Structures are given as C-alpha cells and as structure tokens.
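Visitor: Okay, so here is input09.txt, and as you'll see once you scroll down, it has compact mmCIF, N, CA and C atoms and all ligand atoms.
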# COMPACT_ATOMS: atom_id res chain seq x y z
N MET A 13 -9.62 -9.61 -11.35
CA MET A 13 -10.67 -9.96 -10.38
C MET A 13 -11.14 -8.68 -9.68
N PRO A 14 -12.47 -8.44 -9.66
CA PRO A 14 -12.93 -7.21 -9.00
C PRO A 14 -12.71 -7.23 -7.49
N CYS A 15 -12.70 -6.05 -6.89
CA CYS A 15 -12.48 -5.92 -5.45
C CYS A 15 -13.59 -6.60 -4.67
N GLN A 16 -13.18 -7.35 -3.63
CA GLN A 16 -14.18 -8.07 -2.82
C GLN A 16 -14.97 -7.13 -1.92
N ARG A 17 -14.42 -5.94 -1.68
CA ARG A 17 -15.12 -4.99 -0.83
C ARG A 17 -16.12 -4.13 -1.59
N CYS A 18 -15.66 -3.61 -2.77
CA CYS A 18 -16.49 -2.62 -3.45
C CYS A 18 -16.79 -2.94 -4.90
N GLY A 19 -16.18 -4.00 -5.45
CA GLY A 19 -16.49 -4.40 -6.82
C GLY A 19 -15.74 -3.64 -7.91
N ALA A 20 -14.90 -2.67 -7.53
CA ALA A 20 -14.14 -1.91 -8.52
C ALA A 20 -12.99 -2.77 -9.07
N PRO A 21 -12.43 -2.39 -10.23
CA PRO A 21 -11.30 -3.16 -10.77
C PRO A 21 -10.09 -3.11 -9.84
N THR A 22 -9.30 -4.16 -9.87
CA THR A 22 -8.08 -4.19 -9.05
C THR A 22 -6.86 -4.30 -9.95
N LEU A 23 -5.72 -3.98 -9.38
CA LEU A 23 -4.45 -4.07 -10.09
C LEU A 23 -3.64 -5.14 -9.37
N SER A 24 -3.09 -6.10 -10.13
CA SER A 24 -2.34 -7.12 -9.40
C SER A 24 -0.84 -6.92 -9.57
N PHE A 25 -0.12 -7.24 -8.50
CA PHE A 25 1.33 -6.99 -8.50
C PHE A 25 2.06 -8.07 -7.72
N PRO A 26 3.34 -8.33 -8.11
CA PRO A 26 4.14 -9.31 -7.37
C PRO A 26 4.67 -8.66 -6.09
N THR A 27 4.78 -9.43 -5.02
CA THR A 27 5.37 -8.87 -3.79
C THR A 27 6.84 -9.28 -3.74
N PRO A 28 7.74 -8.31 -3.61
CA PRO A 28 9.17 -8.65 -3.58
C PRO A 28 9.50 -9.54 -2.38
N ALA A 29 10.44 -10.47 -2.57
CA ALA A 29 10.79 -11.41 -1.52
C ALA A 29 11.19 -10.70 -0.22
N ASP A 30 11.90 -9.58 -0.32
CA ASP A 30 12.34 -8.92 0.92
C ASP A 30 11.18 -8.28 1.68
N LEU A 31 10.06 -8.09 1.02
CA LEU A 31 8.91 -7.50 1.73
C LEU A 31 7.94 -8.56 2.21
N ARG A 32 7.95 -9.70 1.53
CA ARG A 32 6.95 -10.73 1.80
C ARG A 32 6.92 -11.15 3.27
N ALA A 33 8.12 -11.20 3.87
CA ALA A 33 8.22 -11.62 5.27
C ALA A 33 7.46 -10.71 6.21
N HIS A 34 7.23 -9.47 5.77
CA HIS A 34 6.56 -8.51 6.65
C HIS A 34 5.06 -8.44 6.41
N LEU A 35 4.59 -9.20 5.42
CA LEU A 35 3.17 -9.11 5.06
C LEU A 35 2.34 -10.15 5.81
N PRO A 36 1.05 -9.86 6.00
CA PRO A 36 0.20 -10.79 6.74
C PRO A 36 0.05 -12.12 6.00
N ASP A 37 0.28 -12.11 4.70
CA ASP A 37 0.11 -13.30 3.89
C ASP A 37 1.38 -13.44 3.06
N ASP A 38 2.00 -14.65 3.02
CA ASP A 38 3.28 -14.75 2.33
C ASP A 38 3.15 -15.24 0.89
N ARG A 39 1.98 -14.99 0.28
CA ARG A 39 1.82 -15.40 -1.12
C ARG A 39 2.63 -14.52 -2.06
N ALA A 40 2.78 -15.00 -3.30
CA ALA A 40 3.69 -14.33 -4.25
C ALA A 40 3.25 -12.96 -4.72
N GLY A 41 1.98 -12.67 -4.50
CA GLY A 41 1.51 -11.38 -5.01
C GLY A 41 0.28 -10.90 -4.28
N ALA A 42 -0.22 -9.77 -4.74
CA ALA A 42 -1.40 -9.19 -4.12
C ALA A 42 -2.14 -8.36 -5.16
N THR A 43 -3.36 -7.97 -4.82
CA THR A 43 -4.10 -7.06 -5.68
C THR A 43 -4.45 -5.83 -4.85
N ILE A 44 -4.53 -4.70 -5.52
CA ILE A 44 -4.94 -3.48 -4.84
C ILE A 44 -6.13 -2.90 -5.60
N CYS A 45 -7.14 -2.47 -4.86
CA CYS A 45 -8.34 -1.93 -5.49
C CYS A 45 -8.09 -0.51 -5.99
N THR A 46 -8.54 -0.22 -7.19
CA THR A 46 -8.32 1.10 -7.79
C THR A 46 -9.25 2.16 -7.20
N ARG A 47 -10.20 1.73 -6.37
CA ARG A 47 -11.09 2.72 -5.76
C ARG A 47 -10.96 2.79 -4.24
N CYS A 48 -11.06 1.61 -3.55
CA CYS A 48 -11.06 1.66 -2.07
C CYS A 48 -9.70 1.32 -1.47
N LEU A 49 -8.73 0.94 -2.31
CA LEU A 49 -7.36 0.65 -1.87
C LEU A 49 -7.23 -0.61 -1.02
N ALA A 50 -8.27 -1.45 -1.02
CA ALA A 50 -8.16 -2.71 -0.27
C ALA A 50 -7.11 -3.58 -0.96
N VAL A 51 -6.26 -4.20 -0.15
CA VAL A 51 -5.22 -5.08 -0.68
C VAL A 51 -5.57 -6.51 -0.30
N ALA A 52 -5.54 -7.41 -1.28
CA ALA A 52 -5.85 -8.81 -1.02
C ALA A 52 -4.73 -9.67 -1.59
N PRO A 53 -4.42 -10.81 -0.92
CA PRO A 53 -3.36 -11.68 -1.45
C PRO A 53 -3.76 -12.31 -2.78
N SER A 54 -2.76 -12.62 -3.60
CA SER A 54 -3.03 -13.23 -4.89
C SER A 54 -2.00 -14.31 -5.17
N ASP A 55 -2.47 -15.45 -5.71
CA ASP A 55 -1.57 -16.56 -6.00
C ASP A 55 -0.89 -16.42 -7.35
N GLU A 56 -1.48 -15.66 -8.24
CA GLU A 56 -0.94 -15.58 -9.59
C GLU A 56 -0.70 -14.14 -10.04
N PRO A 57 0.28 -13.51 -9.43
CA PRO A 57 0.57 -12.14 -9.83
C PRO A 57 1.35 -12.11 -11.14
N PRO A 58 1.38 -10.97 -11.82
CA PRO A 58 2.24 -10.85 -13.02
C PRO A 58 3.69 -10.89 -12.56
N SER A 59 4.62 -11.18 -13.47
CA SER A 59 6.02 -11.21 -13.03
C SER A 59 6.62 -9.82 -12.94
N ASP A 60 6.04 -8.87 -13.67
CA ASP A 60 6.57 -7.51 -13.62
C ASP A 60 5.71 -6.61 -12.74
N VAL A 61 6.37 -5.66 -12.09
CA VAL A 61 5.65 -4.68 -11.27
C VAL A 61 4.88 -3.75 -12.22
N PRO A 62 3.56 -3.61 -12.00
CA PRO A 62 2.78 -2.75 -12.89
C PRO A 62 2.98 -1.27 -12.55
N ASP A 63 2.43 -0.42 -13.40
CA ASP A 63 2.39 1.01 -13.12
C ASP A 63 1.20 1.22 -12.17
N PHE A 64 1.49 1.77 -10.99
CA PHE A 64 0.43 1.95 -10.00
C PHE A 64 -0.35 3.25 -10.18
N ARG A 65 0.08 4.06 -11.15
CA ARG A 65 -0.59 5.36 -11.27
C ARG A 65 -2.04 5.29 -11.74
N PRO A 66 -2.48 4.18 -12.40
CA PRO A 66 -3.93 4.07 -12.62
C PRO A 66 -4.71 4.03 -11.30
N VAL A 67 -4.07 3.57 -10.21
CA VAL A 67 -4.73 3.59 -8.90
C VAL A 67 -4.76 5.03 -8.39
N SER A 68 -3.60 5.67 -8.37
CA SER A 68 -3.53 7.07 -7.95
C SER A 68 -2.21 7.66 -8.42
N ASP A 69 -2.23 8.94 -8.77
CA ASP A 69 -1.01 9.65 -9.15
C ASP A 69 -0.08 9.82 -7.95
N ALA A 70 -0.59 9.54 -6.77
CA ALA A 70 0.24 9.65 -5.57
C ALA A 70 1.39 8.63 -5.58
N PHE A 71 1.21 7.51 -6.32
CA PHE A 71 2.26 6.49 -6.37
C PHE A 71 3.48 7.00 -7.13
N PRO A 72 4.69 6.74 -6.60
CA PRO A 72 5.90 7.19 -7.29
C PRO A 72 6.20 6.32 -8.51
N ARG A 73 7.07 6.83 -9.38
CA ARG A 73 7.46 6.08 -10.57
C ARG A 73 8.39 4.92 -10.22
N ASN A 74 9.17 5.10 -9.17
CA ASN A 74 10.11 4.04 -8.77
C ASN A 74 9.34 2.77 -8.39
N GLU A 75 9.66 1.65 -9.08
CA GLU A 75 8.89 0.42 -8.88
C GLU A 75 8.97 -0.13 -7.47
N GLU A 76 10.19 -0.17 -6.92
CA GLU A 76 10.35 -0.72 -5.57
C GLU A 76 9.58 0.11 -4.56
N ALA A 77 9.65 1.43 -4.72
CA ALA A 77 8.95 2.32 -3.80
C ALA A 77 7.44 2.14 -3.94
N ALA A 78 6.96 2.07 -5.18
CA ALA A 78 5.51 1.96 -5.42
C ALA A 78 4.96 0.66 -4.84
N VAL A 79 5.70 -0.43 -5.05
CA VAL A 79 5.21 -1.72 -4.57
C VAL A 79 5.27 -1.77 -3.03
N ALA A 80 6.27 -1.13 -2.45
CA ALA A 80 6.36 -1.08 -0.98
C ALA A 80 5.19 -0.29 -0.40
N LEU A 81 4.81 0.79 -1.06
CA LEU A 81 3.69 1.59 -0.57
C LEU A 81 2.38 0.82 -0.68
N ALA A 82 2.24 0.04 -1.77
CA ALA A 82 1.04 -0.78 -1.91
C ALA A 82 0.99 -1.82 -0.78
N CYS A 83 2.15 -2.40 -0.45
CA CYS A 83 2.21 -3.37 0.65
C CYS A 83 1.89 -2.69 1.98
N LEU A 84 2.35 -1.47 2.12
CA LEU A 84 2.10 -0.72 3.35
C LEU A 84 0.59 -0.52 3.56
N LEU A 85 -0.12 -0.31 2.46
CA LEU A 85 -1.57 -0.12 2.57
C LEU A 85 -2.26 -1.38 3.10
N ALA A 86 -1.64 -2.54 2.83
CA ALA A 86 -2.21 -3.80 3.33
C ALA A 86 -2.10 -3.87 4.85
N LEU A 87 -1.08 -3.21 5.39
CA LEU A 87 -0.80 -3.30 6.83
C LEU A 87 -1.45 -2.18 7.64
N LEU A 88 -1.65 -1.04 6.99
CA LEU A 88 -2.13 0.15 7.71
C LEU A 88 -3.47 -0.06 8.41
N ASP A 89 -4.26 -0.95 7.81
CA ASP A 89 -5.56 -1.27 8.36
C ASP A 89 -5.46 -1.79 9.80
N SER A 90 -4.37 -2.47 10.08
CA SER A 90 -4.15 -3.03 11.41
C SER A 90 -2.86 -2.48 11.98
N LEU A 91 -2.86 -1.18 12.14
CA LEU A 91 -1.64 -0.46 12.53
C LEU A 91 -1.01 -0.96 13.83
N VAL A 92 -1.84 -1.25 14.80
CA VAL A 92 -1.31 -1.65 16.10
C VAL A 92 -0.71 -3.06 16.03
N LEU A 93 -1.45 -3.93 15.35
CA LEU A 93 -1.04 -5.32 15.22
C LEU A 93 0.27 -5.46 14.44
N TYR A 94 0.43 -4.64 13.38
CA TYR A 94 1.57 -4.79 12.49
C TYR A 94 2.62 -3.69 12.63
N ARG A 95 2.73 -3.16 13.83
CA ARG A 95 3.66 -2.09 14.10
C ARG A 95 5.07 -2.29 13.53
N ASP A 96 5.69 -3.41 13.87
CA ASP A 96 7.06 -3.68 13.42
C ASP A 96 7.13 -3.86 11.91
N GLU A 97 6.12 -4.55 11.37
CA GLU A 97 6.09 -4.80 9.93
C GLU A 97 5.95 -3.47 9.17
N ILE A 98 5.08 -2.60 9.68
CA ILE A 98 4.87 -1.30 9.05
C ILE A 98 6.17 -0.50 9.07
N ASP A 99 6.83 -0.55 10.19
CA ASP A 99 8.10 0.15 10.32
C ASP A 99 9.10 -0.36 9.27
N ALA A 100 9.18 -1.69 9.12
CA ALA A 100 10.11 -2.29 8.16
C ALA A 100 9.76 -1.92 6.72
N VAL A 101 8.47 -2.00 6.37
CA VAL A 101 8.04 -1.70 5.00
C VAL A 101 8.20 -0.21 4.69
N ALA A 102 7.89 0.64 5.68
CA ALA A 102 8.04 2.09 5.48
C ALA A 102 9.52 2.44 5.28
N THR A 103 10.39 1.78 6.04
CA THR A 103 11.83 2.02 5.89
C THR A 103 12.30 1.60 4.50
N TYR A 104 11.81 0.45 4.05
CA TYR A 104 12.14 -0.04 2.71
C TYR A 104 11.72 0.99 1.65
N ALA A 105 10.50 1.50 1.78
CA ALA A 105 10.00 2.50 0.83
C ALA A 105 10.88 3.75 0.86
N GLU A 106 11.26 4.16 2.05
CA GLU A 106 12.06 5.38 2.18
C GLU A 106 13.47 5.20 1.61
N THR A 107 14.03 3.98 1.77
CA THR A 107 15.36 3.75 1.19
C THR A 107 15.28 3.76 -0.34
N HIS A 108 14.10 3.54 -0.89
CA HIS A 108 13.94 3.64 -2.34
C HIS A 108 13.44 5.03 -2.75
N GLY A 109 13.70 5.98 -1.90
CA GLY A 109 13.52 7.37 -2.29
C GLY A 109 12.11 7.93 -2.22
N THR A 110 11.25 7.35 -1.38
CA THR A 110 9.92 7.92 -1.30
C THR A 110 9.62 8.42 0.11
N ASP A 111 8.76 9.42 0.19
CA ASP A 111 8.37 9.97 1.48
C ASP A 111 6.98 9.40 1.80
N VAL A 112 6.95 8.47 2.76
CA VAL A 112 5.72 7.72 3.05
C VAL A 112 4.58 8.64 3.50
N LEU A 113 4.88 9.56 4.39
CA LEU A 113 3.81 10.43 4.91
C LEU A 113 3.27 11.35 3.82
N ARG A 114 4.18 11.84 2.99
CA ARG A 114 3.77 12.70 1.87
C ARG A 114 2.87 11.91 0.90
N PHE A 115 3.25 10.64 0.66
CA PHE A 115 2.45 9.77 -0.20
C PHE A 115 1.03 9.62 0.35
N LEU A 116 0.92 9.39 1.65
CA LEU A 116 -0.40 9.20 2.26
C LEU A 116 -1.22 10.49 2.21
N GLU A 117 -0.56 11.62 2.38
CA GLU A 117 -1.27 12.90 2.26
C GLU A 117 -1.81 13.09 0.85
N ARG A 118 -1.00 12.70 -0.14
CA ARG A 118 -1.45 12.83 -1.52
C ARG A 118 -2.61 11.87 -1.82
N LEU A 119 -2.53 10.66 -1.25
CA LEU A 119 -3.63 9.69 -1.42
C LEU A 119 -4.92 10.25 -0.84
N ASP A 120 -4.79 10.84 0.35
CA ASP A 120 -5.95 11.39 1.03
C ASP A 120 -6.58 12.52 0.21
N ALA A 121 -5.74 13.23 -0.54
CA ALA A 121 -6.22 14.36 -1.32
C ALA A 121 -6.77 13.94 -2.69
N ASP A 122 -6.62 12.64 -3.04
CA ASP A 122 -7.07 12.15 -4.34
C ASP A 122 -8.58 11.91 -4.32
N ASP A 123 -9.32 12.79 -4.99
CA ASP A 123 -10.78 12.72 -4.95
C ASP A 123 -11.36 11.55 -5.72
N ASP A 124 -10.55 10.90 -6.57
CA ASP A 124 -11.06 9.77 -7.33
C ASP A 124 -11.12 8.49 -6.48
N LEU A 125 -10.49 8.53 -5.33
CA LEU A 125 -10.46 7.34 -4.47
C LEU A 125 -11.54 7.40 -3.40
N LYS A 126 -11.99 6.21 -3.00
CA LYS A 126 -12.92 6.11 -1.86
C LYS A 126 -12.31 5.09 -0.90
N PRO A 127 -11.23 5.48 -0.20
CA PRO A 127 -10.50 4.51 0.63
C PRO A 127 -11.41 3.86 1.68
N HIS A 128 -11.16 2.58 1.95
CA HIS A 128 -11.99 1.85 2.91
C HIS A 128 -11.55 2.14 4.34
N PHE A 129 -10.47 2.96 4.50
CA PHE A 129 -10.04 3.33 5.85
C PHE A 129 -9.82 4.83 5.86
N ASP A 130 -9.73 5.39 7.05
CA ASP A 130 -9.55 6.83 7.18
C ASP A 130 -8.07 7.16 7.00
N VAL A 131 -7.71 7.60 5.80
CA VAL A 131 -6.31 7.81 5.45
C VAL A 131 -5.67 8.88 6.35
N ALA A 132 -6.37 9.97 6.58
CA ALA A 132 -5.80 11.06 7.39
C ALA A 132 -5.51 10.58 8.81
N ARG A 133 -6.43 9.80 9.36
CA ARG A 133 -6.26 9.31 10.73
C ARG A 133 -5.07 8.35 10.81
N ARG A 134 -4.99 7.43 9.84
CA ARG A 134 -3.87 6.47 9.82
C ARG A 134 -2.54 7.20 9.61
N THR A 135 -2.55 8.26 8.82
CA THR A 135 -1.31 9.02 8.58
C THR A 135 -0.82 9.62 9.90
N ARG A 136 -1.74 10.18 10.67
CA ARG A 136 -1.35 10.78 11.95
C ARG A 136 -0.79 9.71 12.89
N GLN A 137 -1.44 8.54 12.90
CA GLN A 137 -0.96 7.45 13.77
C GLN A 137 0.42 6.97 13.32
N LEU A 138 0.60 6.88 12.01
CA LEU A 138 1.86 6.41 11.46
C LEU A 138 2.99 7.38 11.78
N GLU A 139 2.67 8.65 11.75
CA GLU A 139 3.63 9.70 12.03
C GLU A 139 4.26 9.50 13.41
N GLN A 140 3.47 9.01 14.36
CA GLN A 140 3.97 8.80 15.70
C GLN A 140 4.78 7.52 15.81
N LEU A 141 4.58 6.65 14.81
CA LEU A 141 5.18 5.33 14.87
C LEU A 141 6.57 5.30 14.24
N ILE A 142 6.74 6.06 13.14
CA ILE A 142 8.01 5.96 12.40
C ILE A 142 8.90 7.18 12.59
ZN ZN A 201 -12.49 -1.81 -3.52
Would you write the structure of this file as structure tokens?
Guide:
Amino acid sequence: MPCQRCGAPTLSFPTPADLRAHLPDDRAGATICTRCLAVAPSDEPPSDVPDFRPVSDAFPRNEEAAVALACLLALLDSLVLYRDEIDAVATYAETHGTDVLRFLERLDADDDLKPHFDVARRTRQLEQLI
C-alpha cells in the first residue's frame, strides 16, 4: 500500500508484542514509508521482520533493533506526548545493540529520504530526553 502522505512505496513489518504496548496503536503491524518515513498501523503485517535497508542503510542488521527503530519513528512525531513510550522503545533498541542517536544522525544524512519531520531537531530533543 503506498504512503498516505507522499504516495511512495511502504515496507510492512510486524510489531513485536513487547513493543506494541508502547505504540499509539496496538495493531499487529505497521508500515513505514521508504521516502518520508511516515509510520502507519497495519492489520496484516508479514510474519517475518523484513530487511529495513531498502528504506535506509541507517537501519541496523539486527532485526529487533531495526524494528524498534521503525517503531520509534512512529512516536518521534509526538515527542512530548509519548515521552515515556519513546524512552521505553529507545531502551529496547539500545539493549539490542543499537545507538539510537547515531541512527537518527545517519537517517538525517541520507539524501534519498525526504522525512516528513525535522530529523535533526527531533534528535536534539531526544538527546535531552534519554
Ligand atoms: Zn511517505
């Protein structure tokens, strides 16, 4: 299904049960846009975690870390509202061996993306939060 914001192709992924509780929507999966990074809930995700690198090389190879970072992007849009959730999801990503701030810096530097939010600004805000 194309992105509702920009019409670019999306990648669909299952949301792990331990992360679902922290997400704005508790559906089984979500989609992420390969261009603007908008995340939308999905009722019919694949059962396996996809490779997120078609979205950006900034995503790590570790599946748990990659899916946690994709979930984090769903929350970053409303940083103030989802403070605790962001903290929980970022911690989950870090326990799976990823550096969240470094990931966001790499996303911001990816010229193939046209993020729908100001990645650099959100990174600075997140830095103060976690
Ligand atoms: Zn999009």
Visitor: So that each row is one residue of chain A with an atom at most 9 Å from ligand ZN 201 (chain A), can you give its shortest atom pair and the distance in Å to one decimal, using only C-alpha atoms and all ligand atoms, rows by chain and rising number, as a tab-separated table?
Guide:
residue	atom	partner	partner_atom	distance
A:Pro14	CA	A:ZN201	ZN	7.7
A:Cys15	CA	A:ZN201	ZN	4.5
A:Gln16	CA	A:ZN201	ZN	6.5
A:Arg17	CA	A:ZN201	ZN	4.9
A:Cys18	CA	A:ZN201	ZN	4.1
A:Gly19	CA	A:ZN201	ZN	5.8
A:Ala20	CA	A:ZN201	ZN	5.3
A:Pro21	CA	A:ZN201	ZN	7.5
A:Thr22	CA	A:ZN201	ZN	7.5
A:Ile44	CA	A:ZN201	ZN	7.8
A:Cys45	CA	A:ZN201	ZN	4.6
A:Thr46	CA	A:ZN201	ZN	6.6
A:Arg47	CA	A:ZN201	ZN	5.2
A:Cys48	CA	A:ZN201	ZN	4.0
A:Leu49	CA	A:ZN201	ZN	5.9
A:Ala50	CA	A:ZN201	ZN	5.5
A:Val51	CA	A:ZN201	ZN	8.5
A:Lys126	CA	A:ZN201	ZN	8.1
A:Pro127	CA	A:ZN201	ZN	7.8
A:His128	CA	A:ZN201	ZN	7.4
Visitor: In terms of the shortest atom-to-atom distance over all atoms listed in the file, which of A:Ala52, A:Val131, A:Val92, A:Ala105 is closest to Ala78 of chain A?
Guide: A:Ala105
Visitor: Run DSSP on the backbone and tell me which residues of chain A come out as strand (DSSP E or B); list them as an MDAnalysis selection string.
Guide: chainID A and resid 22:26 41:45 51:54
Visitor: Could you tell me how far atom CA of Gln137 of chain A sits from atom CA of Thr110 of chain A, in Å to one decimal place?
Guide: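 That distance, rounded to one decimal, is 18.6 Å.
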Visitor: How many Å separate atom C of Leu125 of chain A from atom CA of Ser24 of chain A?
Guide: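 Atom CA of Ser24 of chain A lies at a distance of 18.2 Å from atom C of Leu125 of chain A.
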Visitor: Between A:Ile98, A:Leu116, A:Ala86, A:Met13, single out the one closest to Ala132 of chain A, counting only N, CA and C atoms.
Guide: A:Leu116
Visitor: Report as a PyMOL selection string all protein, DNA and RNA residues lying within 8 Å of Tyr104 of chain A, evaluated on all atoms listed in the file, omitting residues in the same chain fewer than 4 positions from it.
Guide: chain A and resi 76-77+80-81+98-100+108-110
Visitor: Would you save the residues from that selection as a PDB file, in the frame of the given file, using N, CA and C atoms?
Guide:
ATOM      1  N   GLU A  76      10.190  -0.170  -6.920  1.00  0.00           N
ATOM      2  CA  GLU A  76      10.350  -0.720  -5.570  1.00  0.00           C
ATOM      3  C   GLU A  76       9.580   0.110  -4.560  1.00  0.00           C
ATOM      4  N   ALA A  77       9.650   1.430  -4.720  1.00  0.00           N
ATOM      5  CA  ALA A  77       8.950   2.320  -3.800  1.00  0.00           C
ATOM      6  C   ALA A  77       7.440   2.140  -3.940  1.00  0.00           C
ATOM      7  N   ALA A  80       6.270  -1.130  -2.450  1.00  0.00           N
ATOM      8  CA  ALA A  80       6.360  -1.080  -0.980  1.00  0.00           C
ATOM      9  C   ALA A  80       5.190  -0.290  -0.400  1.00  0.00           C
ATOM     10  N   LEU A  81       4.810   0.790  -1.060  1.00  0.00           N
ATOM     11  CA  LEU A  81       3.690   1.590  -0.570  1.00  0.00           C
ATOM     12  C   LEU A  81       2.380   0.820  -0.680  1.00  0.00           C
ATOM     13  N   ILE A  98       5.080  -2.600   9.680  1.00  0.00           N
ATOM     14  CA  ILE A  98       4.870  -1.300   9.050  1.00  0.00           C
ATOM     15  C   ILE A  98       6.170  -0.500   9.070  1.00  0.00           C
ATOM     16  N   ASP A  99       6.830  -0.550  10.190  1.00  0.00           N
ATOM     17  CA  ASP A  99       8.100   0.150  10.320  1.00  0.00           C
ATOM     18  C   ASP A  99       9.100  -0.360   9.270  1.00  0.00           C
ATOM     19  N   ALA A 100       9.180  -1.690   9.120  1.00  0.00           N
ATOM     20  CA  ALA A 100      10.110  -2.290   8.160  1.00  0.00           C
ATOM     21  C   ALA A 100       9.760  -1.920   6.720  1.00  0.00           C
ATOM     22  N   HIS A 108      14.100   3.540  -0.890  1.00  0.00           N
ATOM     23  CA  HIS A 108      13.940   3.640  -2.340  1.00  0.00           C
ATOM     24  C   HIS A 108      13.440   5.030  -2.750  1.00  0.00           C
ATOM     25  N   GLY A 109      13.700   5.980  -1.900  1.00  0.00           N
ATOM     26  CA  GLY A 109      13.520   7.370  -2.290  1.00  0.00           C
ATOM     27  C   GLY A 109      12.110   7.930  -2.220  1.00  0.00           C
ATOM     28  N   THR A 110      11.250   7.350  -1.380  1.00  0.00           N
ATOM     29  CA  THR A 110       9.920   7.920  -1.300  1.00  0.00           C
ATOM     30  C   THR A 110       9.620   8.420   0.110  1.00  0.00           C
TER      31      THR A 110
END
Visitor: Residues near Pro58 of chain A, anyone? I mean within 8 Å using only N, CA and C atoms, not counting same-chain ones fewer than 6 positions away, as an MDAnalysis selection string.
Guide: chainID A and resid 24:27 40:42
Visitor: Using 8 Å of padding on each side, determine the axis-aligned box around all atoms of segment 38-48 of chain A present in the file and give its centre and edge lengths in Å to one decimal, as AutoDock Vina command-line options.
Guide:
--center_x -3.7 --center_y -6.3 --center_z -2.4 --size_x 30.8 --size_y 34.2 --size_z 26.8
Visitor: Choose the residue, out of A:Gln140, A:Asp122, A:Pro53, A:Phe129, that has the smallest atom-to-atom separation from Ser68 of chain A; count only N, CA and C atoms.
Guide: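 Counting only N, CA and C atoms, the residue closest to Ser68 of chain A is A:Asp122.
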Visitor: Run DSSP on the backbone and grab whatever in chain A lands in helix (DSSP H, G or I); send it over as a PyMOL selection string.
Guide: chain A and resi 29-32+75-88+95-107+112-120+131-141
Visitor: Do you know which residues are at most 12 Å from Arg65 of chain A counting only C-alpha atoms, after dropping those on the same chain fewer than 5 positions away, and could you put them as JSON, numbers by chain?
Guide: {"A": [23, 44, 46, 70, 71, 72, 73, 74, 75, 78, 79, 82, 119, 122]}
Visitor: Identify, on the basis of only C-alpha atoms, every residue whose closest approach to Leu35 of chain A does not exceed 8 Å; exclude the query and any residue fewer than 6 positions from it along the same chain; express the result as a PyMOL selection string.
Guide: chain A and resi 83+86-87+97
Visitor: Kindly give the distance, in Å, that separates atom C of Asp124 of chain A and atom C of Asp111 of chain A, rounded to a single decimal.
Guide: 19.9 Å
Visitor: Give me the residues within 12 Å of Glu139 of chain A as a tab-separated table (two decimals) with N, CA and C atoms, keeping the file's coordinate frame, counting only C-alpha atoms and dropping any in the same chain fewer than 2 places off.
Guide:
chain	number	residue	atom	x	y	z
A	88	LEU	N	-1.65	-1.04	6.99
A	88	LEU	CA	-2.13	0.15	7.71
A	88	LEU	C	-3.47	-0.06	8.41
A	91	LEU	N	-2.86	-1.18	12.14
A	91	LEU	CA	-1.64	-0.46	12.53
A	91	LEU	C	-1.01	-0.96	13.83
A	95	ARG	N	2.73	-3.16	13.83
A	95	ARG	CA	3.66	-2.09	14.10
A	95	ARG	C	5.07	-2.29	13.53
A	98	ILE	N	5.08	-2.60	9.68
A	98	ILE	CA	4.87	-1.30	9.05
A	98	ILE	C	6.17	-0.50	9.07
A	99	ASP	N	6.83	-0.55	10.19
A	99	ASP	CA	8.10	0.15	10.32
A	99	ASP	C	9.10	-0.36	9.27
A	102	ALA	N	7.89	0.64	5.68
A	102	ALA	CA	8.04	2.09	5.48
A	102	ALA	C	9.52	2.44	5.28
A	111	ASP	N	8.76	9.42	0.19
A	111	ASP	CA	8.37	9.97	1.48
A	111	ASP	C	6.98	9.40	1.80
A	112	VAL	N	6.95	8.47	2.76
A	112	VAL	CA	5.72	7.72	3.05
A	112	VAL	C	4.58	8.64	3.50
A	113	LEU	N	4.88	9.56	4.39
A	113	LEU	CA	3.81	10.43	4.91
A	113	LEU	C	3.27	11.35	3.82
A	114	ARG	N	4.18	11.84	2.99
A	114	ARG	CA	3.77	12.70	1.87
A	114	ARG	C	2.87	11.91	0.90
A	116	LEU	N	0.92	9.39	1.65
A	116	LEU	CA	-0.40	9.20	2.26
A	116	LEU	C	-1.22	10.49	2.21
A	117	GLU	N	-0.56	11.62	2.38
A	117	GLU	CA	-1.27	12.90	2.26
A	117	GLU	C	-1.81	13.09	0.85
A	132	ALA	N	-6.37	9.97	6.58
A	132	ALA	CA	-5.80	11.06	7.39
A	132	ALA	C	-5.51	10.58	8.81
A	133	ARG	N	-6.43	9.80	9.36
A	133	ARG	CA	-6.26	9.31	10.73
A	133	ARG	C	-5.07	8.35	10.81
A	134	ARG	N	-4.99	7.43	9.84
A	134	ARG	CA	-3.87	6.47	9.82
A	134	ARG	C	-2.54	7.20	9.61
A	135	THR	N	-2.55	8.26	8.82
A	135	THR	CA	-1.31	9.02	8.58
A	135	THR	C	-0.82	9.62	9.90
A	136	ARG	N	-1.74	10.18	10.67
A	136	ARG	CA	-1.35	10.78	11.95
A	136	ARG	C	-0.79	9.71	12.89
A	137	GLN	N	-1.44	8.54	12.90
A	137	GLN	CA	-0.96	7.45	13.77
A	137	GLN	C	0.42	6.97	13.32
A	141	LEU	N	4.58	6.65	14.81
A	141	LEU	CA	5.18	5.33	14.87
A	141	LEU	C	6.57	5.30	14.24
A	142	ILE	N	6.74	6.06	13.14
A	142	ILE	CA	8.01	5.96	12.40
A	142	ILE	C	8.90	7.18	12.59
